[in-house]
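The structure file data.csv is reproduced below (CSV, C-alpha atoms).
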```csv
chain,number,residue,atom,x,y,z
N,338,MET,CA,16.2,-14.3,-26.4
N,339,ALA,CA,19.6,-13.1,-27.5
N,340,ASN,CA,20.4,-9.7,-28.7
N,341,ALA,CA,23.4,-9.5,-31.1
N,342,GLU,CA,24.4,-6.1,-29.7
N,343,HIS,CA,23.9,-6.8,-26.0
N,344,GLY,CA,24.5,-10.6,-25.7
N,345,PRO,CA,22.0,-13.0,-24.0
N,346,ALA,CA,18.9,-11.4,-22.5
N,347,GLU,CA,19.0,-11.3,-18.8
N,348,GLU,CA,16.1,-12.3,-16.6
N,349,PRO,CA,14.3,-9.1,-15.3
N,350,ARG,CA,15.1,-8.3,-11.7
N,351,TRP,CA,11.6,-8.8,-10.4
N,352,LEU,CA,10.5,-7.1,-7.2
N,353,ASP,CA,10.2,-9.2,-4.1
N,354,PRO,CA,7.0,-9.0,-2.0
N,355,ASP,CA,8.4,-6.3,0.3
N,356,GLU,CA,9.7,-4.2,-2.7
N,357,THR,CA,6.3,-4.6,-4.4
N,358,ARG,CA,4.5,-3.4,-1.3
N,359,ALA,CA,6.9,-0.4,-1.0
N,360,TRP,CA,6.6,0.4,-4.7
N,361,LEU,CA,2.8,0.3,-4.7
N,362,ALA,CA,2.7,2.5,-1.6
N,363,LEU,CA,5.2,5.0,-3.2
N,364,TRP,CA,3.2,5.0,-6.4
N,365,SER,CA,0.0,5.7,-4.5
N,366,MET,CA,1.7,8.5,-2.5
N,367,MET,CA,3.1,10.1,-5.7
N,368,THR,CA,-0.4,10.0,-7.2
N,369,TRP,CA,-2.6,11.0,-4.3
N,370,LEU,CA,-0.5,13.4,-2.2
N,371,PRO,CA,-0.1,16.0,-4.9
N,372,THR,CA,-3.8,15.7,-5.7
N,373,ARG,CA,-4.7,16.3,-2.0
N,374,LEU,CA,-2.3,19.2,-1.7
N,375,ASP,CA,-3.5,20.8,-4.9
N,376,ALA,CA,-7.2,20.4,-3.7
N,377,GLN,CA,-6.4,22.1,-0.4
N,378,LEU,CA,-4.6,25.0,-2.1
N,379,ARG,CA,-7.3,25.5,-4.7
N,380,GLN,CA,-10.0,25.5,-2.0
N,381,ASP,CA,-8.3,27.7,0.5
N,382,SER,CA,-6.3,30.0,-1.7
N,383,GLY,CA,-7.4,29.7,-5.3
N,384,LEU,CA,-3.8,28.6,-6.2
N,385,THR,CA,-2.7,25.4,-8.0
N,386,HIS,CA,0.1,23.5,-6.4
N,387,PRO,CA,2.6,24.5,-9.1
N,388,GLU,CA,1.6,28.2,-8.6
N,389,TYR,CA,2.0,28.0,-4.8
N,390,HIS,CA,5.4,26.2,-5.2
N,391,ALA,CA,6.7,28.8,-7.6
N,392,LEU,CA,5.5,31.7,-5.3
N,393,SER,CA,7.0,30.1,-2.2
N,394,GLN,CA,10.3,29.5,-4.0
N,395,ILE,CA,10.5,33.1,-5.1
N,396,SER,CA,9.5,34.2,-1.6
N,397,MET,CA,12.5,32.3,-0.1
N,398,ALA,CA,15.1,33.8,-2.6
N,399,PRO,CA,17.2,36.8,-1.7
N,400,ASP,CA,15.2,40.0,-2.3
N,401,ARG,CA,12.3,37.7,-3.3
N,402,THR,CA,13.8,37.6,-6.8
N,403,VAL,CA,15.2,34.6,-8.7
N,404,ARG,CA,16.3,33.7,-12.3
N,405,LEU,CA,13.6,31.8,-14.1
N,406,SER,CA,16.1,29.0,-14.9
N,407,GLU,CA,16.9,28.6,-11.2
N,408,LEU,CA,13.2,28.7,-10.3
N,409,ALA,CA,12.5,25.9,-12.9
N,410,THR,CA,15.2,23.8,-11.2
N,411,VAL,CA,14.0,24.2,-7.6
N,412,SER,CA,10.4,23.9,-8.7
N,413,ASN,CA,10.9,20.8,-10.7
N,414,MET,CA,9.3,22.3,-13.8
N,415,THR,CA,10.4,22.6,-17.3
N,416,LEU,CA,11.0,26.1,-18.5
N,417,SER,CA,7.9,26.0,-20.7
N,418,HIS,CA,5.7,24.8,-17.9
N,419,LEU,CA,7.2,27.4,-15.6
N,420,SER,CA,6.7,30.1,-18.2
N,421,ARG,CA,2.9,29.3,-18.3
N,422,VAL,CA,2.7,29.3,-14.5
N,423,VAL,CA,4.7,32.6,-14.2
N,424,SER,CA,2.5,34.1,-16.9
N,425,ARG,CA,-0.6,33.3,-14.7
N,426,LEU,CA,1.1,34.7,-11.6
N,427,GLU,CA,2.1,37.8,-13.6
N,428,ARG,CA,-1.5,38.4,-14.8
N,429,ALA,CA,-2.7,38.1,-11.2
N,430,GLY,CA,-0.2,40.8,-10.2
N,431,TRP,CA,1.8,38.5,-7.9
N,432,VAL,CA,5.0,38.3,-10.0
N,433,ARG,CA,7.0,40.7,-12.1
N,434,ARG,CA,9.4,39.6,-14.8
N,435,ALA,CA,12.4,41.6,-15.9
N,436,PRO,CA,15.8,41.1,-17.6
N,437,ASP,CA,18.6,40.2,-15.2
N,438,PRO,CA,20.7,43.5,-15.0
N,439,ASP,CA,23.8,41.4,-14.3
N,440,ASP,CA,23.3,39.2,-17.4
N,441,GLY,CA,20.6,40.1,-20.0
N,442,ARG,CA,20.5,36.5,-21.2
N,443,TYR,CA,18.5,35.6,-18.1
N,444,THR,CA,15.0,36.7,-16.9
N,445,LEU,CA,14.3,37.4,-13.3
N,446,ALA,CA,11.0,36.7,-11.5
N,447,SER,CA,10.3,39.0,-8.5
N,448,LEU,CA,7.5,38.7,-6.0
N,449,THR,CA,5.3,41.8,-5.8
N,450,ASP,CA,3.9,43.0,-2.5
N,451,GLU,CA,0.6,41.4,-3.4
N,452,GLY,CA,2.4,38.2,-4.3
N,453,TRP,CA,4.1,38.2,-1.0
N,454,ALA,CA,0.8,38.6,0.8
N,455,THR,CA,-0.7,35.8,-1.3
N,456,VAL,CA,2.0,33.3,-0.5
N,457,ARG,CA,2.1,34.4,3.2
N,458,ASP,CA,-1.7,33.9,3.4
N,459,ALA,CA,-1.6,30.5,1.7
N,460,ALA,CA,1.3,29.1,3.6
N,461,PRO,CA,-0.4,28.2,6.9
N,462,GLY,CA,-3.1,26.1,5.3
N,463,HIS,CA,-0.6,24.4,3.0
N,464,VAL,CA,1.7,23.5,5.9
N,465,GLU,CA,-1.2,22.2,7.9
N,466,ALA,CA,-2.2,19.9,5.0
N,467,VAL,CA,1.4,18.7,4.7
N,468,ARG,CA,1.4,18.0,8.4
N,469,ARG,CA,-1.9,16.2,8.2
N,470,TYR,CA,-1.1,14.1,5.2
N,471,VAL,CA,2.5,13.3,5.9
N,472,PHE,CA,4.1,14.1,9.2
N,473,ASP,CA,1.2,13.4,11.6
N,474,ALA,CA,1.2,9.8,10.2
N,475,LEU,CA,4.9,9.3,11.1
N,476,SER,CA,7.0,8.9,14.1
N,477,PRO,CA,10.2,11.0,14.4
N,478,GLU,CA,12.2,8.0,13.4
N,479,GLN,CA,10.0,7.4,10.3
N,480,VAL,CA,10.4,11.1,9.4
N,481,ARG,CA,14.2,10.7,9.5
N,482,VAL,CA,14.1,7.4,7.4
N,483,LEU,CA,11.7,8.9,4.9
N,484,GLY,CA,14.0,11.9,4.4
N,485,GLU,CA,17.0,9.7,3.9
N,486,ALA,CA,15.1,7.3,1.6
N,487,ALA,CA,13.5,10.1,-0.5
N,488,GLN,CA,16.9,11.8,-0.8
N,489,ALA,CA,18.5,8.6,-2.0
N,490,ILE,CA,15.9,8.3,-4.7
N,491,VAL,CA,16.2,12.0,-5.7
N,492,ASP,CA,19.9,11.5,-6.0
N,493,ARG,CA,19.3,8.7,-8.6
N,494,VAL,CA,16.6,10.5,-10.6
N,495,ASN,CA,17.9,14.1,-10.6
N,496,PRO,CA,19.6,15.1,-13.8
N,497,PRO,CA,23.3,15.9,-13.5
N,498,GLY,CA,24.0,19.4,-12.4
N,499,ILE,CA,20.7,19.8,-10.5
N,500,ALA,CA,21.2,20.9,-6.9
N,501,ARG,CA,20.1,18.5,-4.2
N,502,ALA,CA,16.9,19.2,-2.2
```

Would you write the structure of this file as structure tokens?
Amino acid sequence: MANAEHGPAEEPRWLDPDETRAWLALWSMMTWLPTRLDAQLRQDSGLTHPEYHALSQISMAPDRTVRLSELATVSNMTLSHLSRVVSRLERAGWVRRAPDPDDGRYTLASLTDEGWATVRDAAPGHVEAVRRYVFDALSPEQVRVLGEAAQAIVDRVNPPGIARA
């Protein structure tokens, strides 16, 4: 079918059998891995995966403090989703929000001592789950290839101006 604006319609670039297998495996991984990691965190720490990820990203920032806009980027969350997550963390006493003294247009999220203890206590179980579900299933060469392949995909889907993983 022709389209006056775009010329003749092109045949879709169908996936070949290897691409289909890879895509279905990737789709299953994107669906099931976060579910398994979330279940482990909820069971062991009472945290959701987004809560843990936000806490861990703040814990790795200098002085355990980060701008919410930067946290949204490194946590792969919209500002509205992050705001809901940080509100829960704040109510739990794990995070404190304050205006950025260097630029009042920004808000900082800082880990409290209780928040630091929470993320520190949750980390070993989470890392073990990541090892069990991901790295224990792979050879060192597969880990290297997975990292390269995942980064190539991230480079394609990351919006412009977003830092690489």

Legend entry - Selection: 9 Å around N:Ala391, all atoms listed in the file, excl. self and same-chain fewer than 6 positions, as a ChimeraX atom specification: /N:408-409,411-412,419,422-423

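Relative to atom CA of N:Ser393, atom CA of N:Glu407 is found at 13.5 Å.
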
Inset, instruction - Rank nothing, just name the residue among N:Leu374, N:Ser417, N:Thr410, N:Thr402 nearest to N:Ala435, using only C-alpha atoms. - result: N:Thr402

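The shortest atom-to-atom distance to N:Gly462, with only C-alpha atoms taken into account, belongs to N:Arg379 out of N:Arg379, N:Arg358, N:Arg493, N:Arg442.
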
For N:Pro371, list every protein, DNA or RNA residue within 12 Å, evaluated using only C-alpha atoms, and leave out those in the same chain fewer than 3 positions away; present the list as a PDB file with C-alpha atoms, keeping the file's coordinate frame.
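Here's the written file out09.pdb:
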```
ATOM      1  CA  TRP N 364       3.200   5.000  -6.400  1.00  0.00           C
ATOM      2  CA  SER N 365       0.000   5.700  -4.500  1.00  0.00           C
ATOM      3  CA  MET N 366       1.700   8.500  -2.500  1.00  0.00           C
ATOM      4  CA  MET N 367       3.100  10.100  -5.700  1.00  0.00           C
ATOM      5  CA  THR N 368      -0.400  10.000  -7.200  1.00  0.00           C
ATOM      6  CA  LEU N 374      -2.300  19.200  -1.700  1.00  0.00           C
ATOM      7  CA  ASP N 375      -3.500  20.800  -4.900  1.00  0.00           C
ATOM      8  CA  ALA N 376      -7.200  20.400  -3.700  1.00  0.00           C
ATOM      9  CA  GLN N 377      -6.400  22.100  -0.400  1.00  0.00           C
ATOM     10  CA  LEU N 378      -4.600  25.000  -2.100  1.00  0.00           C
ATOM     11  CA  ARG N 379      -7.300  25.500  -4.700  1.00  0.00           C
ATOM     12  CA  THR N 385      -2.700  25.400  -8.000  1.00  0.00           C
ATOM     13  CA  HIS N 386       0.100  23.500  -6.400  1.00  0.00           C
ATOM     14  CA  PRO N 387       2.600  24.500  -9.100  1.00  0.00           C
ATOM     15  CA  HIS N 390       5.400  26.200  -5.200  1.00  0.00           C
ATOM     16  CA  HIS N 463      -0.600  24.400   3.000  1.00  0.00           C
ATOM     17  CA  ALA N 466      -2.200  19.900   5.000  1.00  0.00           C
ATOM     18  CA  VAL N 467       1.400  18.700   4.700  1.00  0.00           C
ATOM     19  CA  TYR N 470      -1.100  14.100   5.200  1.00  0.00           C
ATOM     20  CA  VAL N 471       2.500  13.300   5.900  1.00  0.00           C
TER      21      VAL N 471
END
```

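Considering only C-alpha atoms, the residue among N:Asn413, N:Thr455, N:Ser424, N:Ser406 positioned nearest to N:Asp437 is N:Ser406.
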
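Atom CA of N:Leu448 to atom CA of N:Arg401 spans 5.6 Å [interatomic distance, one decimal].
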
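The spacing separating atom CA of N:Thr449 from atom CA of N:Gly430 amounts to 7.1 Å.
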
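When all atoms listed in the file are used to measure the gap to N:Glu451, the shortest distance among N:Trp431, N:Trp369, N:Tyr389, N:Trp351 belongs to N:Trp431.
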
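The residue that comes closest to N:Pro461, out of N:Leu426, N:Gly484, N:Met397, N:Ser382 and on the basis of all atoms listed in the file, is N:Ser382.
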
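Candidate residues N:Leu392, N:Leu405, N:Ala486, N:Val491 were compared for distance to N:Ala429, and the nearest is N:Leu392, using only C-alpha atoms.
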